$ cat data08.cif   # mmCIF, N, CA and C atoms, pLDDT in the B column; chains and numbers go by the auth columns
data_work
#
loop_
_atom_site.group_PDB
_atom_site.id
_atom_site.type_symbol
_atom_site.label_atom_id
_atom_site.label_comp_id
_atom_site.label_asym_id
_atom_site.label_seq_id
_atom_site.Cartn_x
_atom_site.Cartn_y
_atom_site.Cartn_z
_atom_site.B_iso_or_equiv
_atom_site.auth_seq_id
_atom_site.auth_asym_id
ATOM 1 N N MET A 1 -17.536 -4.667 4.424 36.00 1 A
ATOM 2 C CA MET A 1 -16.097 -4.645 4.260 36.00 1 A
ATOM 3 C C MET A 1 -15.468 -3.974 5.461 36.00 1 A
ATOM 4 N N LYS A 2 -14.252 -4.401 5.788 43.00 2 A
ATOM 5 C CA LYS A 2 -13.573 -3.872 6.958 43.00 2 A
ATOM 6 C C LYS A 2 -12.403 -3.002 6.548 43.00 2 A
ATOM 7 N N GLY A 3 -11.972 -2.155 7.487 46.00 3 A
ATOM 8 C CA GLY A 3 -10.760 -1.374 7.303 46.00 3 A
ATOM 9 C C GLY A 3 -10.767 -0.502 6.071 46.00 3 A
ATOM 10 N N GLY A 4 -9.606 -0.429 5.374 55.00 4 A
ATOM 11 C CA GLY A 4 -9.451 0.417 4.209 55.00 4 A
ATOM 12 C C GLY A 4 -10.336 0.032 3.048 55.00 4 A
ATOM 13 N N ALA A 5 -10.780 -1.211 3.031 64.00 5 A
ATOM 14 C CA ALA A 5 -11.630 -1.660 1.936 64.00 5 A
ATOM 15 C C ALA A 5 -13.019 -1.031 2.003 64.00 5 A
ATOM 16 N N GLY A 6 -13.401 -0.467 3.162 74.00 6 A
ATOM 17 C CA GLY A 6 -14.713 0.142 3.316 74.00 6 A
ATOM 18 C C GLY A 6 -14.957 1.293 2.372 74.00 6 A
ATOM 19 N N VAL A 7 -13.909 1.968 1.940 77.00 7 A
ATOM 20 C CA VAL A 7 -14.049 3.082 1.006 77.00 7 A
ATOM 21 C C VAL A 7 -14.660 2.621 -0.319 77.00 7 A
ATOM 22 N N LEU A 8 -14.520 1.360 -0.628 87.00 8 A
ATOM 23 C CA LEU A 8 -15.035 0.828 -1.889 87.00 8 A
ATOM 24 C C LEU A 8 -16.550 0.745 -1.934 87.00 8 A
ATOM 25 N N GLU A 9 -17.213 0.866 -0.810 87.00 9 A
ATOM 26 C CA GLU A 9 -18.669 0.750 -0.778 87.00 9 A
ATOM 27 C C GLU A 9 -19.362 1.803 -1.635 87.00 9 A
ATOM 28 N N THR A 10 -18.693 2.910 -1.895 89.00 10 A
ATOM 29 C CA THR A 10 -19.285 3.974 -2.708 89.00 10 A
ATOM 30 C C THR A 10 -19.050 3.752 -4.208 89.00 10 A
ATOM 31 N N TYR A 11 -18.262 2.745 -4.549 92.00 11 A
ATOM 32 C CA TYR A 11 -17.954 2.460 -5.948 92.00 11 A
ATOM 33 C C TYR A 11 -18.911 1.400 -6.502 92.00 11 A
ATOM 34 N N PRO A 12 -19.050 1.334 -7.835 92.00 12 A
ATOM 35 C CA PRO A 12 -19.908 0.299 -8.440 92.00 12 A
ATOM 36 C C PRO A 12 -19.296 -1.091 -8.256 92.00 12 A
ATOM 37 N N GLU A 13 -20.053 -2.104 -8.585 96.00 13 A
ATOM 38 C CA GLU A 13 -19.586 -3.493 -8.446 96.00 13 A
ATOM 39 C C GLU A 13 -18.379 -3.795 -9.334 96.00 13 A
ATOM 40 N N VAL A 14 -18.300 -3.136 -10.479 97.00 14 A
ATOM 41 C CA VAL A 14 -17.180 -3.313 -11.398 97.00 14 A
ATOM 42 C C VAL A 14 -16.496 -1.965 -11.574 97.00 14 A
ATOM 43 N N LEU A 15 -15.185 -1.937 -11.324 97.00 15 A
ATOM 44 C CA LEU A 15 -14.417 -0.695 -11.382 97.00 15 A
ATOM 45 C C LEU A 15 -13.507 -0.666 -12.598 97.00 15 A
ATOM 46 N N THR A 16 -13.193 0.538 -13.044 98.00 16 A
ATOM 47 C CA THR A 16 -12.216 0.733 -14.111 98.00 16 A
ATOM 48 C C THR A 16 -10.817 0.768 -13.497 98.00 16 A
ATOM 49 N N ALA A 17 -9.807 0.706 -14.336 98.00 17 A
ATOM 50 C CA ALA A 17 -8.429 0.813 -13.856 98.00 17 A
ATOM 51 C C ALA A 17 -8.201 2.172 -13.192 98.00 17 A
ATOM 52 N N ASP A 18 -8.806 3.212 -13.717 98.00 18 A
ATOM 53 C CA ASP A 18 -8.666 4.549 -13.123 98.00 18 A
ATOM 54 C C ASP A 18 -9.255 4.591 -11.711 98.00 18 A
ATOM 55 N N GLU A 19 -10.400 3.941 -11.534 97.00 19 A
ATOM 56 C CA GLU A 19 -11.036 3.925 -10.210 97.00 19 A
ATOM 57 C C GLU A 19 -10.204 3.133 -9.209 97.00 19 A
ATOM 58 N N VAL A 20 -9.656 2.011 -9.645 97.00 20 A
ATOM 59 C CA VAL A 20 -8.804 1.215 -8.758 97.00 20 A
ATOM 60 C C VAL A 20 -7.555 2.010 -8.393 97.00 20 A
ATOM 61 N N ALA A 21 -6.991 2.702 -9.358 97.00 21 A
ATOM 62 C CA ALA A 21 -5.811 3.526 -9.094 97.00 21 A
ATOM 63 C C ALA A 21 -6.126 4.609 -8.067 97.00 21 A
ATOM 64 N N GLU A 22 -7.289 5.193 -8.166 95.00 22 A
ATOM 65 C CA GLU A 22 -7.711 6.225 -7.210 95.00 22 A
ATOM 66 C C GLU A 22 -7.805 5.646 -5.802 95.00 22 A
ATOM 67 N N VAL A 23 -8.411 4.486 -5.674 93.00 23 A
ATOM 68 C CA VAL A 23 -8.556 3.839 -4.373 93.00 23 A
ATOM 69 C C VAL A 23 -7.186 3.473 -3.792 93.00 23 A
ATOM 70 N N CYS A 24 -6.316 2.941 -4.614 92.00 24 A
ATOM 71 C CA CYS A 24 -5.002 2.479 -4.160 92.00 24 A
ATOM 72 C C CYS A 24 -3.961 3.594 -4.095 92.00 24 A
ATOM 73 N N ARG A 25 -4.322 4.744 -4.624 94.00 25 A
ATOM 74 C CA ARG A 25 -3.420 5.897 -4.660 94.00 25 A
ATOM 75 C C ARG A 25 -2.118 5.583 -5.402 94.00 25 A
ATOM 76 N N VAL A 26 -2.296 5.001 -6.579 96.00 26 A
ATOM 77 C CA VAL A 26 -1.181 4.721 -7.480 96.00 26 A
ATOM 78 C C VAL A 26 -1.582 5.194 -8.872 96.00 26 A
ATOM 79 N N GLU A 27 -0.637 5.178 -9.778 98.00 27 A
ATOM 80 C CA GLU A 27 -0.939 5.556 -11.154 98.00 27 A
ATOM 81 C C GLU A 27 -1.684 4.416 -11.848 98.00 27 A
ATOM 82 N N THR A 28 -2.498 4.758 -12.824 98.00 28 A
ATOM 83 C CA THR A 28 -3.285 3.771 -13.555 98.00 28 A
ATOM 84 C C THR A 28 -2.395 2.719 -14.193 98.00 28 A
ATOM 85 N N ARG A 29 -1.233 3.095 -14.654 98.00 29 A
ATOM 86 C CA ARG A 29 -0.335 2.129 -15.292 98.00 29 A
ATOM 87 C C ARG A 29 0.112 1.042 -14.320 98.00 29 A
ATOM 88 N N VAL A 30 0.202 1.371 -13.035 98.00 30 A
ATOM 89 C CA VAL A 30 0.562 0.373 -12.023 98.00 30 A
ATOM 90 C C VAL A 30 -0.552 -0.661 -11.908 98.00 30 A
ATOM 91 N N VAL A 31 -1.796 -0.201 -11.908 98.00 31 A
ATOM 92 C CA VAL A 31 -2.943 -1.106 -11.838 98.00 31 A
ATOM 93 C C VAL A 31 -2.949 -2.024 -13.054 98.00 31 A
ATOM 94 N N ARG A 32 -2.732 -1.472 -14.220 98.00 32 A
ATOM 95 C CA ARG A 32 -2.714 -2.287 -15.447 98.00 32 A
ATOM 96 C C ARG A 32 -1.598 -3.328 -15.408 98.00 32 A
ATOM 97 N N ARG A 33 -0.432 -2.925 -14.911 98.00 33 A
ATOM 98 C CA ARG A 33 0.706 -3.844 -14.828 98.00 33 A
ATOM 99 C C ARG A 33 0.417 -4.985 -13.852 98.00 33 A
ATOM 100 N N LEU A 34 -0.170 -4.664 -12.691 97.00 34 A
ATOM 101 C CA LEU A 34 -0.529 -5.695 -11.714 97.00 34 A
ATOM 102 C C LEU A 34 -1.557 -6.668 -12.291 97.00 34 A
ATOM 103 N N ALA A 35 -2.513 -6.144 -13.040 98.00 35 A
ATOM 104 C CA ALA A 35 -3.534 -6.994 -13.655 98.00 35 A
ATOM 105 C C ALA A 35 -2.915 -7.895 -14.722 98.00 35 A
ATOM 106 N N ALA A 36 -2.072 -7.329 -15.559 97.00 36 A
ATOM 107 C CA ALA A 36 -1.440 -8.107 -16.627 97.00 36 A
ATOM 108 C C ALA A 36 -0.550 -9.213 -16.059 97.00 36 A
ATOM 109 N N ALA A 37 0.055 -8.959 -14.895 97.00 37 A
ATOM 110 C CA ALA A 37 0.924 -9.943 -14.251 97.00 37 A
ATOM 111 C C ALA A 37 0.132 -10.983 -13.461 97.00 37 A
ATOM 112 N N GLY A 38 -1.183 -10.775 -13.345 96.00 38 A
ATOM 113 C CA GLY A 38 -2.017 -11.715 -12.610 96.00 38 A
ATOM 114 C C GLY A 38 -2.018 -11.493 -11.108 96.00 38 A
ATOM 115 N N GLU A 39 -1.408 -10.414 -10.651 95.00 39 A
ATOM 116 C CA GLU A 39 -1.356 -10.119 -9.217 95.00 39 A
ATOM 117 C C GLU A 39 -2.653 -9.494 -8.716 95.00 39 A
ATOM 118 N N LEU A 40 -3.344 -8.786 -9.585 97.00 40 A
ATOM 119 C CA LEU A 40 -4.630 -8.167 -9.263 97.00 40 A
ATOM 120 C C LEU A 40 -5.670 -8.778 -10.199 97.00 40 A
ATOM 121 N N PRO A 41 -6.628 -9.526 -9.648 97.00 41 A
ATOM 122 C CA PRO A 41 -7.626 -10.168 -10.511 97.00 41 A
ATOM 123 C C PRO A 41 -8.450 -9.134 -11.287 97.00 41 A
ATOM 124 N N GLY A 42 -8.557 -9.347 -12.573 98.00 42 A
ATOM 125 C CA GLY A 42 -9.336 -8.447 -13.409 98.00 42 A
ATOM 126 C C GLY A 42 -9.655 -9.112 -14.739 98.00 42 A
ATOM 127 N N PHE A 43 -10.393 -8.393 -15.562 98.00 43 A
ATOM 128 C CA PHE A 43 -10.738 -8.913 -16.883 98.00 43 A
ATOM 129 C C PHE A 43 -10.785 -7.740 -17.853 98.00 43 A
ATOM 130 N N LYS A 44 -10.653 -8.059 -19.127 97.00 44 A
ATOM 131 C CA LYS A 44 -10.650 -7.018 -20.144 97.00 44 A
ATOM 132 C C LYS A 44 -11.987 -6.957 -20.863 97.00 44 A
ATOM 133 N N VAL A 45 -12.399 -5.743 -21.117 96.00 45 A
ATOM 134 C CA VAL A 45 -13.543 -5.456 -21.971 96.00 45 A
ATOM 135 C C VAL A 45 -12.936 -4.675 -23.133 96.00 45 A
ATOM 136 N N GLY A 46 -12.761 -5.362 -24.237 97.00 46 A
ATOM 137 C CA GLY A 46 -12.008 -4.764 -25.334 97.00 46 A
ATOM 138 C C GLY A 46 -10.560 -4.625 -24.898 97.00 46 A
ATOM 139 N N LYS A 47 -10.059 -3.404 -24.911 96.00 47 A
ATOM 140 C CA LYS A 47 -8.682 -3.155 -24.483 96.00 47 A
ATOM 141 C C LYS A 47 -8.588 -2.618 -23.053 96.00 47 A
ATOM 142 N N GLU A 48 -9.725 -2.420 -22.422 97.00 48 A
ATOM 143 C CA GLU A 48 -9.752 -1.806 -21.086 97.00 48 A
ATOM 144 C C GLU A 48 -9.914 -2.842 -19.975 97.00 48 A
ATOM 145 N N TRP A 49 -9.162 -2.667 -18.893 98.00 49 A
ATOM 146 C CA TRP A 49 -9.268 -3.546 -17.734 98.00 49 A
ATOM 147 C C TRP A 49 -10.459 -3.158 -16.871 98.00 49 A
ATOM 148 N N ARG A 50 -11.109 -4.179 -16.287 98.00 50 A
ATOM 149 C CA ARG A 50 -12.191 -3.988 -15.324 98.00 50 A
ATOM 150 C C ARG A 50 -11.918 -4.902 -14.136 98.00 50 A
ATOM 151 N N PHE A 51 -12.408 -4.494 -12.962 98.00 51 A
ATOM 152 C CA PHE A 51 -12.113 -5.201 -11.727 98.00 51 A
ATOM 153 C C PHE A 51 -13.362 -5.293 -10.865 98.00 51 A
ATOM 154 N N HIS A 52 -13.634 -6.481 -10.341 97.00 52 A
ATOM 155 C CA HIS A 52 -14.751 -6.643 -9.414 97.00 52 A
ATOM 156 C C HIS A 52 -14.372 -5.985 -8.089 97.00 52 A
ATOM 157 N N ARG A 53 -15.304 -5.247 -7.531 96.00 53 A
ATOM 158 C CA ARG A 53 -15.063 -4.516 -6.286 96.00 53 A
ATOM 159 C C ARG A 53 -14.559 -5.444 -5.177 96.00 53 A
ATOM 160 N N VAL A 54 -15.137 -6.613 -5.050 95.00 54 A
ATOM 161 C CA VAL A 54 -14.724 -7.540 -3.992 95.00 54 A
ATOM 162 C C VAL A 54 -13.271 -7.994 -4.182 95.00 54 A
ATOM 163 N N ASP A 55 -12.836 -8.157 -5.422 96.00 55 A
ATOM 164 C CA ASP A 55 -11.441 -8.536 -5.681 96.00 55 A
ATOM 165 C C ASP A 55 -10.489 -7.413 -5.307 96.00 55 A
ATOM 166 N N VAL A 56 -10.883 -6.190 -5.580 95.00 56 A
ATOM 167 C CA VAL A 56 -10.049 -5.036 -5.206 95.00 56 A
ATOM 168 C C VAL A 56 -9.982 -4.933 -3.683 95.00 56 A
ATOM 169 N N ALA A 57 -11.110 -5.131 -3.018 93.00 57 A
ATOM 170 C CA ALA A 57 -11.145 -5.076 -1.556 93.00 57 A
ATOM 171 C C ALA A 57 -10.212 -6.123 -0.959 93.00 57 A
ATOM 172 N N THR A 58 -10.223 -7.325 -1.510 93.00 58 A
ATOM 173 C CA THR A 58 -9.330 -8.379 -1.035 93.00 58 A
ATOM 174 C C THR A 58 -7.879 -8.005 -1.290 93.00 58 A
ATOM 175 N N PHE A 59 -7.611 -7.445 -2.462 92.00 59 A
ATOM 176 C CA PHE A 59 -6.247 -7.088 -2.836 92.00 59 A
ATOM 177 C C PHE A 59 -5.659 -6.037 -1.902 92.00 59 A
ATOM 178 N N ILE A 60 -6.461 -5.063 -1.475 89.00 60 A
ATOM 179 C CA ILE A 60 -5.911 -3.966 -0.678 89.00 60 A
ATOM 180 C C ILE A 60 -5.840 -4.273 0.815 89.00 60 A
ATOM 181 N N THR A 61 -6.373 -5.409 1.246 86.00 61 A
ATOM 182 C CA THR A 61 -6.239 -5.783 2.650 86.00 61 A
ATOM 183 C C THR A 61 -4.920 -6.521 2.838 86.00 61 A
ATOM 184 N N PRO A 62 -4.298 -6.367 3.999 81.00 62 A
ATOM 185 C CA PRO A 62 -2.998 -7.021 4.222 81.00 62 A
ATOM 186 C C PRO A 62 -3.045 -8.538 4.014 81.00 62 A
ATOM 187 N N GLU A 63 -4.153 -9.162 4.355 77.00 63 A
ATOM 188 C CA GLU A 63 -4.266 -10.610 4.197 77.00 63 A
ATOM 189 C C GLU A 63 -4.424 -11.029 2.740 77.00 63 A
ATOM 190 N N GLY A 64 -4.844 -10.110 1.892 68.00 64 A
ATOM 191 C CA GLY A 64 -5.150 -10.430 0.509 68.00 64 A
ATOM 192 C C GLY A 64 -3.975 -10.369 -0.441 68.00 64 A
ATOM 193 N N ARG A 65 -2.827 -9.916 0.051 62.00 65 A
ATOM 194 C CA ARG A 65 -1.667 -9.757 -0.824 62.00 65 A
ATOM 195 C C ARG A 65 -0.460 -10.448 -0.235 62.00 65 A
ATOM 196 N N SER A 66 0.343 -11.021 -1.099 56.00 66 A
ATOM 197 C CA SER A 66 1.544 -11.700 -0.624 56.00 66 A
ATOM 198 C C SER A 66 2.762 -10.797 -0.661 56.00 66 A
ATOM 199 N N LYS A 67 2.736 -9.764 -1.498 56.00 67 A
ATOM 200 C CA LYS A 67 3.870 -8.847 -1.574 56.00 67 A
ATOM 201 C C LYS A 67 3.393 -7.481 -2.039 56.00 67 A
ATOM 202 N N PRO A 68 4.113 -6.410 -1.691 54.00 68 A
ATOM 203 C CA PRO A 68 3.696 -5.078 -2.122 54.00 68 A
ATOM 204 C C PRO A 68 3.919 -4.882 -3.607 54.00 68 A
ATOM 205 N N PRO A 69 3.137 -3.966 -4.224 55.00 69 A
ATOM 206 C CA PRO A 69 3.346 -3.719 -5.653 55.00 69 A
ATOM 207 C C PRO A 69 4.710 -3.102 -5.876 55.00 69 A
ATOM 208 N N GLY A 70 5.287 -3.377 -7.006 54.00 70 A
ATOM 209 C CA GLY A 70 6.603 -2.802 -7.223 54.00 70 A
ATOM 210 C C GLY A 70 6.934 -2.848 -8.632 54.00 70 A
#

$ encode --input "data08.cif" --output "structure tokens"
Amino acid sequence: MKGGAGVLETYPEVLTADEVAEVCRVETRVVRRLAAAGELPGFKVGKEWRFHRVDVATFITPEGRSKPPG
């Protein structure tokens, strides 16, 4: 992985919403909202969101996003 996404190498292949929030430096609720809106690829295990590390890496690179979270 290149650039800012390199920090993800220390994380497991599947991340929790809390872990993604830590990487992105946002609140967990922002991660959940992005996932629910389909802006951040993820899947639910019961009521909890999970995210593939490669999808998070793509999301946080400038080329991987069309607009900033808001």

$ closest_residue --input "data08.cif" --among "A:Ala17, A:Leu34, A:Ile60, A:Thr10" --to "Glu48 of chain A" --atoms "all atoms listed in the file"
A:Ala17

$ atom_distance --input "data08.cif" --atom1 "atom N of Thr61 of chain A" --atom2 "atom CA of Ala21 of chain A"
13.7 Å

$ closest_residue --input "data08.cif" --among "A:Val45, A:Leu8, A:Val30, A:Ala36" --to "Ala57 of chain A" --atoms "only N, CA and C atoms"
A:Leu8

$ select_by_dssp --input "data08.cif" --residues "chain A" --states "strand (DSSP E or B)" --output "mmCIF file with N, CA and C atoms, in the coordinates of the input"
data_model
loop_
_atom_site.group_PDB
_atom_site.id
_atom_site.type_symbol
_atom_site.label_atom_id
_atom_site.label_comp_id
_atom_site.auth_asym_id
_atom_site.auth_seq_id
_atom_site.Cartn_x
_atom_site.Cartn_y
_atom_site.Cartn_z
ATOM 1 N N VAL A 14 -18.300 -3.136 -10.479
ATOM 2 C CA VAL A 14 -17.180 -3.313 -11.398
ATOM 3 C C VAL A 14 -16.496 -1.965 -11.574
ATOM 4 N N LEU A 15 -15.185 -1.937 -11.324
ATOM 5 C CA LEU A 15 -14.417 -0.695 -11.382
ATOM 6 C C LEU A 15 -13.507 -0.666 -12.598
ATOM 7 N N THR A 16 -13.193 0.538 -13.044
ATOM 8 C CA THR A 16 -12.216 0.733 -14.111
ATOM 9 C C THR A 16 -10.817 0.768 -13.497
ATOM 10 N N PHE A 43 -10.393 -8.393 -15.562
ATOM 11 C CA PHE A 43 -10.738 -8.913 -16.883
ATOM 12 C C PHE A 43 -10.785 -7.740 -17.853
ATOM 13 N N LYS A 44 -10.653 -8.059 -19.127
ATOM 14 C CA LYS A 44 -10.650 -7.018 -20.144
ATOM 15 C C LYS A 44 -11.987 -6.957 -20.863
ATOM 16 N N VAL A 45 -12.399 -5.743 -21.117
ATOM 17 C CA VAL A 45 -13.543 -5.456 -21.971
ATOM 18 C C VAL A 45 -12.936 -4.675 -23.133
ATOM 19 N N GLU A 48 -9.725 -2.420 -22.422
ATOM 20 C CA GLU A 48 -9.752 -1.806 -21.086
ATOM 21 C C GLU A 48 -9.914 -2.842 -19.975
ATOM 22 N N TRP A 49 -9.162 -2.667 -18.893
ATOM 23 C CA TRP A 49 -9.268 -3.546 -17.734
ATOM 24 C C TRP A 49 -10.459 -3.158 -16.871
ATOM 25 N N ARG A 50 -11.109 -4.179 -16.287
ATOM 26 C CA ARG A 50 -12.191 -3.988 -15.324
ATOM 27 C C ARG A 50 -11.918 -4.902 -14.136
ATOM 28 N N PHE A 51 -12.408 -4.494 -12.962
ATOM 29 C CA PHE A 51 -12.113 -5.201 -11.727
ATOM 30 C C PHE A 51 -13.362 -5.293 -10.865
ATOM 31 N N HIS A 52 -13.634 -6.481 -10.341
ATOM 32 C CA HIS A 52 -14.751 -6.643 -9.414
ATOM 33 C C HIS A 52 -14.372 -5.985 -8.089
#

$ residues_around --input "data08.cif" --residues "Arg32 of chain A" --least-positions-apart "4" --cutoff "10 Å" --atoms "only C-alpha atoms" --output "count of residues only"
14

$ select_by_dssp --input "data08.cif" --residues "chain A" --states "helix (DSSP H, G or I)" --output "PyMOL selection string"
chain A and resi 3-10+17-24+28-36+53-60+62-64

$ resolve_selection --input "data08.cif" --expression "the PyMOL selection byres ((chain A and resi 13) around 6.5)" --output "mmCIF file with N, CA and C atoms, in the frame of the given file"
data_model
loop_
_atom_site.group_PDB
_atom_site.id
_atom_site.type_symbol
_atom_site.label_atom_id
_atom_site.label_comp_id
_atom_site.auth_asym_id
_atom_site.auth_seq_id
_atom_site.Cartn_x
_atom_site.Cartn_y
_atom_site.Cartn_z
ATOM 1 N N TYR A 11 -18.262 2.745 -4.549
ATOM 2 C CA TYR A 11 -17.954 2.460 -5.948
ATOM 3 C C TYR A 11 -18.911 1.400 -6.502
ATOM 4 N N PRO A 12 -19.050 1.334 -7.835
ATOM 5 C CA PRO A 12 -19.908 0.299 -8.440
ATOM 6 C C PRO A 12 -19.296 -1.091 -8.256
ATOM 7 N N VAL A 14 -18.300 -3.136 -10.479
ATOM 8 C CA VAL A 14 -17.180 -3.313 -11.398
ATOM 9 C C VAL A 14 -16.496 -1.965 -11.574
ATOM 10 N N LEU A 15 -15.185 -1.937 -11.324
ATOM 11 C CA LEU A 15 -14.417 -0.695 -11.382
ATOM 12 C C LEU A 15 -13.507 -0.666 -12.598
ATOM 13 N N PHE A 51 -12.408 -4.494 -12.962
ATOM 14 C CA PHE A 51 -12.113 -5.201 -11.727
ATOM 15 C C PHE A 51 -13.362 -5.293 -10.865
ATOM 16 N N HIS A 52 -13.634 -6.481 -10.341
ATOM 17 C CA HIS A 52 -14.751 -6.643 -9.414
ATOM 18 C C HIS A 52 -14.372 -5.985 -8.089
ATOM 19 N N ARG A 53 -15.304 -5.247 -7.531
ATOM 20 C CA ARG A 53 -15.063 -4.516 -6.286
ATOM 21 C C ARG A 53 -14.559 -5.444 -5.177
ATOM 22 N N VAL A 54 -15.137 -6.613 -5.050
ATOM 23 C CA VAL A 54 -14.724 -7.540 -3.992
ATOM 24 C C VAL A 54 -13.271 -7.994 -4.182
#

$ axis_aligned_box --input "data08.cif" --around "segment 51-63 of chain A" --padding-each-side "6 Å" --output "lines of an AutoDock Vina configuration file"
center_x = -9.2
center_y = -7.5
center_z = -4.3
size_x = 24.3
size_y = 19.1
size_z = 29.3

$ atom_distance --input "data08.cif" --atom1 "atom C of Lys44 of chain A" --atom2 "atom N of Pro62 of chain A"
26.0 Å

$ atom_distance --input "data08.cif" --atom1 "atom CA of Thr58 of chain A" --atom2 "atom CA of Val31 of chain A"
14.5 Å

$ decode --input "data08.cif" --residues "segment 10-44 of chain A" --atoms "C-alpha atoms" --output "PDB file, in the first residue's frame"
ATOM      1  CA  THR A  10      -0.681  -3.237  11.048  1.00  0.00           C
ATOM      2  CA  TYR A  11      -4.444  -3.865  11.110  1.00  0.00           C
ATOM      3  CA  PRO A  12      -6.221  -7.203  10.473  1.00  0.00           C
ATOM      4  CA  GLU A  13      -7.789  -7.995   7.096  1.00  0.00           C
ATOM      5  CA  VAL A  14     -11.237  -7.098   8.455  1.00  0.00           C
ATOM      6  CA  LEU A  15     -11.635  -3.967  10.582  1.00  0.00           C
ATOM      7  CA  THR A  16     -14.344  -2.803  12.957  1.00  0.00           C
ATOM      8  CA  ALA A  17     -16.005   0.599  12.659  1.00  0.00           C
ATOM      9  CA  ASP A  18     -13.930   1.751  15.646  1.00  0.00           C
ATOM     10  CA  GLU A  19     -10.696   0.744  13.910  1.00  0.00           C
ATOM     11  CA  VAL A  20     -11.674   2.516  10.695  1.00  0.00           C
ATOM     12  CA  ALA A  21     -12.577   5.612  12.697  1.00  0.00           C
ATOM     13  CA  GLU A  22      -9.154   5.516  14.346  1.00  0.00           C
ATOM     14  CA  VAL A  23      -7.391   5.299  10.985  1.00  0.00           C
ATOM     15  CA  CYS A  24      -9.501   8.076   9.447  1.00  0.00           C
ATOM     16  CA  ARG A  25      -9.419  10.197  12.598  1.00  0.00           C
ATOM     17  CA  VAL A  26     -13.181  10.622  12.706  1.00  0.00           C
ATOM     18  CA  GLU A  27     -15.872   9.532  15.120  1.00  0.00           C
ATOM     19  CA  THR A  28     -17.243   6.001  14.799  1.00  0.00           C
ATOM     20  CA  ARG A  29     -20.684   7.362  13.950  1.00  0.00           C
ATOM     21  CA  VAL A  30     -19.219   9.008  10.832  1.00  0.00           C
ATOM     22  CA  VAL A  31     -17.872   5.640   9.669  1.00  0.00           C
ATOM     23  CA  ARG A  32     -21.250   3.999  10.269  1.00  0.00           C
ATOM     24  CA  ARG A  33     -23.049   6.774   8.379  1.00  0.00           C
ATOM     25  CA  LEU A  34     -20.677   6.486   5.389  1.00  0.00           C
ATOM     26  CA  ALA A  35     -21.178   2.714   5.331  1.00  0.00           C
ATOM     27  CA  ALA A  36     -24.964   2.969   5.574  1.00  0.00           C
ATOM     28  CA  ALA A  37     -24.961   5.486   2.698  1.00  0.00           C
ATOM     29  CA  GLY A  38     -22.862   3.131   0.569  1.00  0.00           C
ATOM     30  CA  GLU A  39     -19.944   5.569   0.378  1.00  0.00           C
ATOM     31  CA  LEU A  40     -17.623   3.270   2.344  1.00  0.00           C
ATOM     32  CA  PRO A  41     -17.846  -0.403   1.345  1.00  0.00           C
ATOM     33  CA  GLY A  42     -18.627  -2.606   4.316  1.00  0.00           C
ATOM     34  CA  PHE A  43     -20.821  -5.398   5.593  1.00  0.00           C
ATOM     35  CA  LYS A  44     -22.720  -6.150   8.766  1.00  0.00           C
TER      36      LYS A  44
END
